[in-house]
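Structure file protein_4.csv (CSV, C-alpha atoms and all ligand atoms) follows.
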chain,number,residue,atom,x,y,z
A,1,MET,CA,30.7,-13.9,-8.6
A,2,ALA,CA,28.4,-15.3,-5.9
A,3,ILE,CA,27.9,-13.2,-2.8
A,4,TYR,CA,27.5,-16.1,-0.5
A,5,HIS,CA,29.1,-19.5,-0.2
A,6,PRO,CA,26.3,-22.1,-0.6
A,7,ASN,CA,26.6,-23.1,3.0
A,8,GLU,CA,26.3,-19.6,4.3
A,9,GLN,CA,23.3,-18.4,2.3
A,10,PRO,CA,20.7,-16.5,4.2
A,11,ALA,CA,17.2,-17.9,4.4
A,12,PRO,CA,14.9,-16.9,1.5
A,13,SER,CA,13.0,-13.7,1.9
A,14,TYR,CA,10.3,-11.5,0.4
A,15,ASP,CA,10.6,-7.8,-0.5
A,16,SER,CA,7.0,-6.6,0.0
A,17,HIS,CA,7.5,-3.3,-1.7
A,18,THR,CA,9.9,-2.4,-4.5
A,19,HIS,CA,10.0,-0.2,-7.6
A,20,LEU,CA,11.8,-2.1,-10.3
A,21,ASN,CA,9.3,0.0,-12.5
A,22,ASP,CA,11.1,3.2,-11.5
A,23,ASP,CA,13.4,4.7,-14.2
A,24,GLU,CA,16.4,4.2,-11.9
A,25,LEU,CA,16.0,0.4,-12.0
A,26,TYR,CA,13.6,-0.4,-14.9
A,27,PHE,CA,16.2,-0.6,-17.7
A,28,ASP,CA,18.3,-3.2,-15.8
A,29,VAL,CA,15.5,-5.4,-14.3
A,30,PRO,CA,17.3,-8.8,-15.2
A,31,ALA,CA,20.5,-7.6,-13.4
A,32,TYR,CA,18.6,-6.5,-10.3
A,33,LEU,CA,16.6,-9.7,-10.2
A,34,ALA,CA,19.8,-11.8,-10.5
A,35,ARG,CA,21.4,-9.8,-7.6
A,36,ALA,CA,18.2,-10.2,-5.5
A,37,HIS,CA,18.5,-13.9,-6.0
A,38,GLU,CA,22.1,-13.9,-4.8
A,39,PHE,CA,20.9,-12.3,-1.6
A,40,GLN,CA,18.1,-15.0,-1.5
A,41,VAL,CA,15.4,-12.4,-2.0
A,42,VAL,CA,13.2,-14.9,-3.9
A,43,GLU,CA,9.8,-13.1,-4.0
A,44,MET,CA,8.9,-9.4,-4.3
A,45,ASN,CA,6.1,-7.0,-5.1
A,46,VAL,CA,6.7,-4.4,-7.8
A,47,VAL,CA,4.5,-1.5,-6.7
A,48,GLY,CA,2.8,0.9,-9.2
A,49,TYR,CA,2.0,4.6,-8.5
A,50,ASN,CA,0.8,6.1,-11.8
A,51,ALA,CA,-0.2,4.9,-15.4
A,52,VAL,CA,3.4,4.2,-16.6
A,53,GLY,CA,4.4,2.7,-13.2
A,54,ASN,CA,1.4,0.4,-13.2
A,55,GLN,CA,1.9,-0.8,-16.8
A,56,ARG,CA,5.6,-1.5,-16.1
A,57,ALA,CA,4.8,-3.3,-12.8
A,58,LEU,CA,2.4,-5.6,-14.6
A,59,ALA,CA,4.9,-6.3,-17.4
A,60,ILE,CA,7.7,-7.2,-15.0
A,61,ALA,CA,5.4,-9.4,-12.9
A,62,GLU,CA,4.2,-11.2,-16.0
A,63,GLU,CA,7.7,-12.0,-17.2
A,64,ASN,CA,9.2,-13.1,-13.9
A,65,ASP,CA,8.5,-16.0,-11.5
A,66,GLY,CA,8.1,-14.9,-7.9
A,67,VAL,CA,7.4,-11.3,-8.9
A,68,TYR,CA,4.0,-9.8,-8.2
A,69,ALA,CA,2.3,-6.5,-9.2
A,70,ILE,CA,0.5,-4.0,-7.0
A,71,LEU,CA,-1.3,-1.3,-8.9
A,72,GLY,CA,-2.6,2.1,-8.0
A,73,TYR,CA,-2.1,5.8,-7.9
A,74,GLN,CA,0.1,7.3,-5.1
A,75,PRO,CA,-1.1,10.6,-3.6
A,76,GLU,CA,1.3,12.7,-5.6
A,77,ASP,CA,-0.1,11.4,-8.9
A,78,THR,CA,-3.8,11.6,-8.0
A,79,PRO,CA,-4.4,14.7,-10.1
A,80,ASP,CA,-4.0,12.2,-13.1
A,81,PHE,CA,-6.5,9.7,-11.6
A,82,ASP,CA,-9.5,10.6,-13.8
A,83,GLU,CA,-12.4,8.5,-15.1
A,84,ALA,CA,-10.2,6.9,-17.9
A,85,ALA,CA,-7.5,6.1,-15.4
A,86,LEU,CA,-10.0,4.5,-13.0
A,87,ALA,CA,-11.4,2.4,-15.9
A,88,THR,CA,-7.9,1.2,-16.9
A,89,LEU,CA,-6.9,0.4,-13.4
A,90,THR,CA,-10.2,-1.5,-12.8
A,91,GLU,CA,-9.4,-3.7,-15.8
A,92,GLN,CA,-5.7,-4.2,-14.9
A,93,LEU,CA,-6.5,-5.4,-11.4
A,94,ASP,CA,-8.0,-8.5,-12.9
A,95,GLN,CA,-4.7,-9.7,-14.2
A,96,ASP,CA,-3.4,-12.9,-12.6
A,97,LYS,CA,-0.2,-11.6,-10.9
A,98,VAL,CA,-1.9,-8.6,-9.3
A,99,VAL,CA,-1.8,-9.1,-5.5
A,100,ALA,CA,-3.0,-5.7,-4.1
A,101,VAL,CA,-4.2,-2.2,-4.8
A,102,GLY,CA,-1.7,0.6,-4.2
A,103,GLU,CA,0.3,2.3,-3.3
A,104,THR,CA,-2.5,4.7,-2.3
A,105,GLY,CA,-3.1,6.9,0.7
A,106,LEU,CA,-2.5,10.4,1.8
A,107,ASP,CA,0.7,12.5,1.8
A,108,TYR,CA,0.5,15.9,3.4
A,109,HIS,CA,4.2,16.5,2.9
A,110,PHE,CA,3.7,17.6,-0.7
A,111,ASP,CA,1.1,20.2,-1.7
A,112,THR,CA,-1.1,17.9,-3.8
A,113,ASP,CA,-4.7,19.0,-3.2
A,114,LYS,CA,-6.0,17.1,-0.2
A,115,ASP,CA,-9.5,16.7,-1.6
A,116,VAL,CA,-8.1,15.2,-4.8
A,117,GLN,CA,-6.0,12.8,-2.8
A,118,MET,CA,-8.9,11.8,-0.6
A,119,LYS,CA,-11.2,11.2,-3.5
A,120,ALA,CA,-8.6,8.9,-5.2
A,121,PHE,CA,-7.9,7.1,-1.9
A,122,LEU,CA,-11.6,6.3,-1.4
A,123,ALA,CA,-12.0,5.2,-5.0
A,124,GLN,CA,-9.1,2.8,-4.6
A,125,ILE,CA,-10.3,1.4,-1.3
A,126,GLY,CA,-13.6,0.8,-3.2
A,127,LEU,CA,-11.8,-1.1,-5.9
A,128,ALA,CA,-9.9,-3.2,-3.4
A,129,LYS,CA,-13.1,-4.2,-1.8
A,130,GLU,CA,-14.8,-5.0,-5.1
A,131,LYS,CA,-11.8,-7.1,-6.2
A,132,ASP,CA,-11.2,-8.6,-2.8
A,133,LEU,CA,-7.6,-7.4,-2.7
A,134,PRO,CA,-5.6,-5.9,0.2
A,135,VAL,CA,-4.6,-2.2,0.1
A,136,VAL,CA,-1.0,-1.0,0.3
A,137,ILE,CA,-1.0,2.3,2.2
A,138,HIS,CA,1.3,5.3,1.7
A,139,ASN,CA,1.0,7.6,4.7
A,140,ARG,CA,3.2,10.6,5.1
A,141,GLU,CA,2.4,13.2,7.8
A,142,ALA,CA,-1.3,12.1,7.5
A,143,PHE,CA,-1.7,9.4,10.2
A,144,ASP,CA,-5.0,10.8,11.7
A,145,ASP,CA,-6.8,11.0,8.3
A,146,VAL,CA,-5.4,7.7,7.0
A,147,TYR,CA,-6.4,5.9,10.2
A,148,ARG,CA,-9.8,7.4,10.3
A,149,VAL,CA,-10.6,6.6,6.6
A,150,LEU,CA,-9.4,3.0,6.9
A,151,LYS,CA,-11.5,2.5,10.0
A,152,GLU,CA,-14.6,4.2,8.7
A,153,GLN,CA,-14.4,2.3,5.4
A,154,GLN,CA,-14.0,-1.0,7.4
A,155,VAL,CA,-10.9,-2.0,5.4
A,156,LYS,CA,-10.1,-5.5,6.5
A,157,LYS,CA,-6.7,-6.2,4.9
A,158,ALA,CA,-4.1,-3.4,4.6
A,159,ILE,CA,-0.4,-3.1,4.6
A,160,ILE,CA,1.2,0.0,6.0
A,161,HIS,CA,4.2,0.6,3.6
A,162,SER,CA,7.5,1.8,5.1
A,163,PHE,CA,6.0,2.3,8.5
A,164,SER,CA,7.9,5.2,10.2
A,165,GLY,CA,5.5,6.4,12.9
A,166,THR,CA,5.3,6.0,16.7
A,167,LYS,CA,4.7,3.1,18.9
A,168,GLU,CA,1.1,4.2,19.5
A,169,GLN,CA,0.4,4.5,15.8
A,170,ALA,CA,1.9,1.1,15.1
A,171,LYS,CA,-0.3,-0.4,17.8
A,172,ALA,CA,-3.4,1.3,16.4
A,173,PHE,CA,-2.8,-0.1,12.9
A,174,ALA,CA,-1.9,-3.5,14.3
A,175,ASP,CA,-5.1,-3.6,16.4
A,176,LEU,CA,-7.1,-3.3,13.1
A,177,GLY,CA,-5.3,-6.4,12.0
A,178,TYR,CA,-3.1,-4.7,9.4
A,179,TYR,CA,0.5,-5.6,8.4
A,180,LEU,CA,3.3,-3.1,9.0
A,181,SER,CA,6.1,-3.2,6.5
A,182,PHE,CA,9.5,-2.0,7.6
A,183,SER,CA,12.0,-0.4,5.2
A,184,GLY,CA,15.6,0.8,5.4
A,185,VAL,CA,14.4,3.4,7.8
A,186,VAL,CA,14.8,0.9,10.7
A,187,THR,CA,18.5,0.8,9.9
A,188,PHE,CA,19.0,4.6,10.3
A,189,LYS,CA,20.7,5.7,13.5
A,190,LYS,CA,18.1,8.3,14.4
A,191,ALA,CA,15.1,6.0,13.9
A,192,GLU,CA,15.0,4.7,17.5
A,193,GLU,CA,11.2,5.5,17.6
A,194,VAL,CA,10.6,3.2,14.6
A,195,ARG,CA,12.6,0.4,16.1
A,196,GLU,CA,10.6,0.8,19.4
A,197,ALA,CA,7.4,0.6,17.3
A,198,ALA,CA,8.5,-2.7,15.7
A,199,LYS,CA,8.7,-4.3,19.1
A,200,VAL,CA,5.1,-3.7,20.0
A,201,ILE,CA,3.6,-5.4,16.9
A,202,PRO,CA,2.8,-9.1,16.8
A,203,LEU,CA,5.5,-10.9,14.8
A,204,ASP,CA,2.9,-12.3,12.3
A,205,GLN,CA,2.0,-8.8,11.3
A,206,ILE,CA,5.5,-7.7,10.3
A,207,LEU,CA,6.8,-7.4,6.7
A,208,VAL,CA,10.0,-6.1,5.2
A,209,GLU,CA,10.6,-4.1,2.1
A,210,THR,CA,13.2,-2.0,0.3
A,211,ASP,CA,11.1,0.7,-1.4
A,212,ALA,CA,14.0,0.6,-3.9
A,213,PRO,CA,15.4,2.8,-5.5
A,214,TYR,CA,14.7,4.9,-2.4
A,215,LEU,CA,15.6,4.5,1.3
A,216,ALA,CA,18.7,2.4,0.9
A,217,PRO,CA,19.5,0.7,4.3
A,218,SER,CA,22.8,1.2,6.0
A,219,PRO,CA,25.5,0.3,5.3
A,220,ASN,CA,24.5,1.6,1.9
A,221,ARG,CA,22.5,4.6,2.9
A,222,GLY,CA,22.4,7.3,0.2
A,223,LYS,CA,23.1,4.9,-2.6
A,224,ARG,CA,20.6,3.6,-5.2
A,225,ASN,CA,18.6,0.9,-3.4
A,226,GLU,CA,17.7,-2.4,-4.9
A,227,PRO,CA,15.5,-5.4,-3.9
A,228,GLY,CA,18.5,-7.6,-2.8
A,229,TRP,CA,19.2,-5.2,0.0
A,230,THR,CA,16.1,-6.5,1.8
A,231,LYS,CA,18.8,-8.5,3.4
A,232,PHE,CA,20.2,-5.5,5.3
A,233,VAL,CA,16.8,-4.4,6.5
A,234,ILE,CA,16.3,-8.0,7.9
A,235,ASP,CA,19.7,-8.0,9.6
A,236,ASP,CA,19.0,-4.8,11.5
A,237,LEU,CA,15.4,-5.5,12.3
A,238,ALA,CA,16.3,-8.9,13.6
A,239,LYS,CA,18.7,-7.4,16.1
A,240,THR,CA,16.0,-5.0,17.2
A,241,LEU,CA,13.6,-7.9,17.7
A,242,SER,CA,16.3,-10.1,19.3
A,243,MET,CA,15.9,-12.9,16.9
A,244,SER,CA,18.1,-14.5,14.1
A,245,ALA,CA,18.1,-12.9,10.7
A,246,ASP,CA,17.1,-16.3,9.2
A,247,ASP,CA,14.1,-16.6,11.5
A,248,LEU,CA,12.9,-13.1,10.6
A,249,ALA,CA,13.4,-13.7,6.9
A,250,THR,CA,11.3,-16.9,7.1
A,251,ARG,CA,8.6,-15.3,9.3
A,252,THR,CA,8.3,-12.2,7.1
A,253,LYS,CA,8.2,-14.3,4.0
A,254,GLN,CA,5.4,-16.4,5.4
A,255,ASN,CA,3.6,-13.2,6.4
A,256,ALA,CA,3.9,-11.7,3.0
A,257,GLU,CA,2.7,-14.9,1.4
A,258,ARG,CA,-0.4,-14.8,3.7
A,259,ALA,CA,-1.0,-11.1,3.1
A,260,PHE,CA,-0.6,-11.1,-0.7
A,261,LEU,CA,-0.8,-14.6,-2.0
A,262,ASN,CA,-3.4,-16.0,0.4
A,263,HIS,CA,-1.1,-18.8,1.5
A,264,ASP,CA,-2.1,-19.9,5.0
B,1,ZN,ZN,6.8,3.0,-2.7
Would you put the structure from the file into structure tokens?
Ligand SMILES: [Zn+2]
Amino acid sequence: MAIYHPNEQPAPSYDSHTHLNDDELYFDVPAYLARAHEFQVVEMNVVGYNAVGNQRALAIAEENDGVYAILGYQPEDTPDFDEAALATLTEQLDQDKVVAVGETGLDYHFDTDKDVQMKAFLAQIGLAKEKDLPVVIHNREAFDDVYRVLKEQQVKKAIIHSFSGTKEQAKAFADLGYYLSFSGVVTFKKAEEVREAAKVIPLDQILVETDAPYLAPSPNRGKRNEPGWTKFVIDDLAKTLSMSADDLATRTKQNAERAFLNHD
């Protein structure tokens, strides 16, 4: 059964960060894509994080129109990012539907060795430069180091995934020309600080994402998230930015196409 009457369909949107490659979603990809289309989420990036995640992201992107792959090693999985993994990733990044390196960055919430994380982060930044691809950044409790590294390495094109920091941090990233991607966190009651941050960023640097199966937006908080629910992130963020949901869907889709697909 269709979710929307054809006359009431929301404007098409782009989920900039989702994990259809995660075990929770991977075995039902066609069903999740069909539901995403009912919500008018017509483009999305499936984001890798380790060897299996990257392989799956690539396969899903190759099989489906409007689905792109982002490949990398998330901080938690950097202990596995050895020479062989680097060689494989280097080769995979040349595939047609790969649009960025990531997710990579620093996560000081978990006890993964900081030096190991840093080494892998720097190596992936190097790869992104070599391949002329943007970098998708995972930052958790590590703003100072993430910001310093990106600045020192003169990274030109970066996307801060699931931005959940302060107004000042948002501004600092935006001043470097980076995109900030907002997830279901903006819909959470206590996330007033994140909503305030969204207001200080130029509209053409804002993206939306689900980070499915994680971070389900209200009214579905706590459930297994899916790409279609980008719709709920857009609805809430649009209210915060005092604009219509259709406008925000259109603008963030254009931004994502510019960031990842080089559409001007
Ligand atoms: Zn993610």
#### Entry: Protein and nucleic residues near ligand ZN 1 (chain B), 7 Å, only C-alpha atoms and all ligand atoms, as a ChimeraX atom specification
/A:17-19,47,103,211
### Query
List as a PyMOL selection string: which residues have an atom within 9 Å of (12.5, 10.5, 7.6), counting all atoms listed in the file?
chain A and resi 164+185+191
### Query
What lies within 7 Å of region 111-123 of chain A using only C-alpha atoms, ignoring chain neighbours under 5 positions off, as JSON, numbers by chain?
{"A": [75, 76, 78, 79, 81, 104, 105, 106]}
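The shortest atom-to-atom distance to Met44 (chain A), with all atoms listed in the file taken into account, belongs to A:Val67 out of A:Ala31, A:Ile137, A:Val67, A:Leu237.
Interatomic distance, CA of Arg35 (chain A) against CA of Asp23 (chain A): 17.8 Å.
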### Task
For CA of Leu33 (chain A) and CA of Gly48 (chain A), quote the distance in Å rounded to one decimal.
17.4 Å
### Close residues, region 142-156 of chain A itself excluded, 12 Å, all atoms listed in the file, min 3 positions apart in chain, as number ranges by chain
A: 75, 104-110, 114-115, 117-119, 121-130, 132-139, 159-160, 163-166, 168-179, 259
Dump as a short mmCIF file (atom, residue, chain, number, x, y, z; two decimals), in the coordinates of the input, selection limited to C-alpha atoms:
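Generated output (out.cif):
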data_model
loop_
_atom_site.label_atom_id
_atom_site.label_comp_id
_atom_site.auth_asym_id
_atom_site.auth_seq_id
_atom_site.Cartn_x
_atom_site.Cartn_y
_atom_site.Cartn_z
CA PRO A 75 -1.10 10.60 -3.60
CA THR A 104 -2.50 4.70 -2.30
CA GLY A 105 -3.10 6.90 0.70
CA LEU A 106 -2.50 10.40 1.80
CA ASP A 107 0.70 12.50 1.80
CA TYR A 108 0.50 15.90 3.40
CA HIS A 109 4.20 16.50 2.90
CA PHE A 110 3.70 17.60 -0.70
CA LYS A 114 -6.00 17.10 -0.20
CA ASP A 115 -9.50 16.70 -1.60
CA GLN A 117 -6.00 12.80 -2.80
CA MET A 118 -8.90 11.80 -0.60
CA LYS A 119 -11.20 11.20 -3.50
CA PHE A 121 -7.90 7.10 -1.90
CA LEU A 122 -11.60 6.30 -1.40
CA ALA A 123 -12.00 5.20 -5.00
CA GLN A 124 -9.10 2.80 -4.60
CA ILE A 125 -10.30 1.40 -1.30
CA GLY A 126 -13.60 0.80 -3.20
CA LEU A 127 -11.80 -1.10 -5.90
CA ALA A 128 -9.90 -3.20 -3.40
CA LYS A 129 -13.10 -4.20 -1.80
CA GLU A 130 -14.80 -5.00 -5.10
CA ASP A 132 -11.20 -8.60 -2.80
CA LEU A 133 -7.60 -7.40 -2.70
CA PRO A 134 -5.60 -5.90 0.20
CA VAL A 135 -4.60 -2.20 0.10
CA VAL A 136 -1.00 -1.00 0.30
CA ILE A 137 -1.00 2.30 2.20
CA HIS A 138 1.30 5.30 1.70
CA ASN A 139 1.00 7.60 4.70
CA ILE A 159 -0.40 -3.10 4.60
CA ILE A 160 1.20 0.00 6.00
CA PHE A 163 6.00 2.30 8.50
CA SER A 164 7.90 5.20 10.20
CA GLY A 165 5.50 6.40 12.90
CA THR A 166 5.30 6.00 16.70
CA GLU A 168 1.10 4.20 19.50
CA GLN A 169 0.40 4.50 15.80
CA ALA A 170 1.90 1.10 15.10
CA LYS A 171 -0.30 -0.40 17.80
CA ALA A 172 -3.40 1.30 16.40
CA PHE A 173 -2.80 -0.10 12.90
CA ALA A 174 -1.90 -3.50 14.30
CA ASP A 175 -5.10 -3.60 16.40
CA LEU A 176 -7.10 -3.30 13.10
CA GLY A 177 -5.30 -6.40 12.00
CA TYR A 178 -3.10 -4.70 9.40
CA TYR A 179 0.50 -5.60 8.40
CA ALA A 259 -1.00 -11.10 3.10
#
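What separates CA of Val233 (chain A) from CA of Ala51 (chain A) is a distance of 29.2 Å.
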### Message
Counting all atoms listed in the file, which residues have an atom no more than 12 Å from (20.6, -15.9, 13.0) in the file's coordinates? Please list them as a PyMOL selection string.
### Response
chain A and resi 8-11+234-239+241-250
Where atoms are missing, can you supply N, CA and C atoms for region 89-109 of chain A and output the lot as an mmCIF file, keeping the file's coordinate frame?
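After the write, result17.cif holds the following:
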data_model
loop_
_atom_site.group_PDB
_atom_site.id
_atom_site.type_symbol
_atom_site.label_atom_id
_atom_site.label_comp_id
_atom_site.auth_asym_id
_atom_site.auth_seq_id
_atom_site.Cartn_x
_atom_site.Cartn_y
_atom_site.Cartn_z
ATOM 1 N N LEU A 89 -7.349 1.073 -14.566
ATOM 2 C CA LEU A 89 -6.900 0.400 -13.400
ATOM 3 C C LEU A 89 -7.861 -0.753 -12.995
ATOM 4 N N THR A 90 -9.144 -0.491 -13.109
ATOM 5 C CA THR A 90 -10.200 -1.500 -12.800
ATOM 6 C C THR A 90 -9.923 -2.772 -13.598
ATOM 7 N N GLU A 91 -9.607 -2.566 -14.861
ATOM 8 C CA GLU A 91 -9.400 -3.700 -15.800
ATOM 9 C C GLU A 91 -8.040 -4.391 -15.422
ATOM 10 N N GLN A 92 -6.994 -3.600 -15.193
ATOM 11 C CA GLN A 92 -5.700 -4.200 -14.900
ATOM 12 C C GLN A 92 -5.670 -5.017 -13.634
ATOM 13 N N LEU A 93 -6.499 -4.653 -12.665
ATOM 14 C CA LEU A 93 -6.500 -5.400 -11.400
ATOM 15 C C LEU A 93 -6.970 -6.825 -11.527
ATOM 16 N N ASP A 94 -7.586 -7.144 -12.668
ATOM 17 C CA ASP A 94 -8.000 -8.500 -12.900
ATOM 18 C C ASP A 94 -6.933 -9.457 -13.374
ATOM 19 N N GLN A 95 -5.771 -8.907 -13.695
ATOM 20 C CA GLN A 95 -4.700 -9.700 -14.200
ATOM 21 C C GLN A 95 -4.194 -10.697 -13.075
ATOM 22 N N ASP A 96 -3.749 -11.876 -13.527
ATOM 23 C CA ASP A 96 -3.400 -12.900 -12.600
ATOM 24 C C ASP A 96 -2.353 -12.556 -11.527
ATOM 25 N N LYS A 97 -1.325 -11.816 -11.902
ATOM 26 C CA LYS A 97 -0.200 -11.600 -10.900
ATOM 27 C C LYS A 97 -0.408 -10.331 -10.094
ATOM 28 N N VAL A 98 -1.583 -9.732 -10.157
ATOM 29 C CA VAL A 98 -1.900 -8.600 -9.300
ATOM 30 C C VAL A 98 -2.277 -9.048 -7.925
ATOM 31 N N VAL A 99 -1.581 -8.572 -6.875
ATOM 32 C CA VAL A 99 -1.800 -9.100 -5.500
ATOM 33 C C VAL A 99 -2.384 -8.025 -4.558
ATOM 34 N N ALA A 100 -2.467 -6.767 -4.976
ATOM 35 C CA ALA A 100 -3.000 -5.700 -4.100
ATOM 36 C C ALA A 100 -3.256 -4.455 -4.889
ATOM 37 N N VAL A 101 -3.991 -3.530 -4.262
ATOM 38 C CA VAL A 101 -4.200 -2.200 -4.800
ATOM 39 C C VAL A 101 -3.241 -1.254 -4.063
ATOM 40 N N GLY A 102 -2.535 -0.396 -4.802
ATOM 41 C CA GLY A 102 -1.700 0.600 -4.200
ATOM 42 C C GLY A 102 -0.468 0.918 -5.067
ATOM 43 N N GLU A 103 0.422 1.781 -4.632
ATOM 44 C CA GLU A 103 0.300 2.300 -3.300
ATOM 45 C C GLU A 103 -0.691 3.529 -3.390
ATOM 46 N N THR A 104 -1.528 3.599 -2.374
ATOM 47 C CA THR A 104 -2.500 4.700 -2.300
ATOM 48 C C THR A 104 -2.542 5.141 -0.821
ATOM 49 N N GLY A 105 -3.068 6.339 -0.620
ATOM 50 C CA GLY A 105 -3.100 6.900 0.700
ATOM 51 C C GLY A 105 -3.149 8.361 0.736
ATOM 52 N N LEU A 106 -2.500 8.957 1.723
ATOM 53 C CA LEU A 106 -2.500 10.400 1.800
ATOM 54 C C LEU A 106 -1.062 10.874 2.176
ATOM 55 N N ASP A 107 -0.661 11.960 1.545
ATOM 56 C CA ASP A 107 0.700 12.500 1.800
ATOM 57 C C ASP A 107 0.551 14.014 1.903
ATOM 58 N N TYR A 108 0.694 14.484 3.140
ATOM 59 C CA TYR A 108 0.500 15.900 3.400
ATOM 60 C C TYR A 108 1.880 16.642 3.370
ATOM 61 N N HIS A 109 2.923 15.917 2.989
ATOM 62 C CA HIS A 109 4.200 16.500 2.900
ATOM 63 C C HIS A 109 4.295 17.410 1.609
#
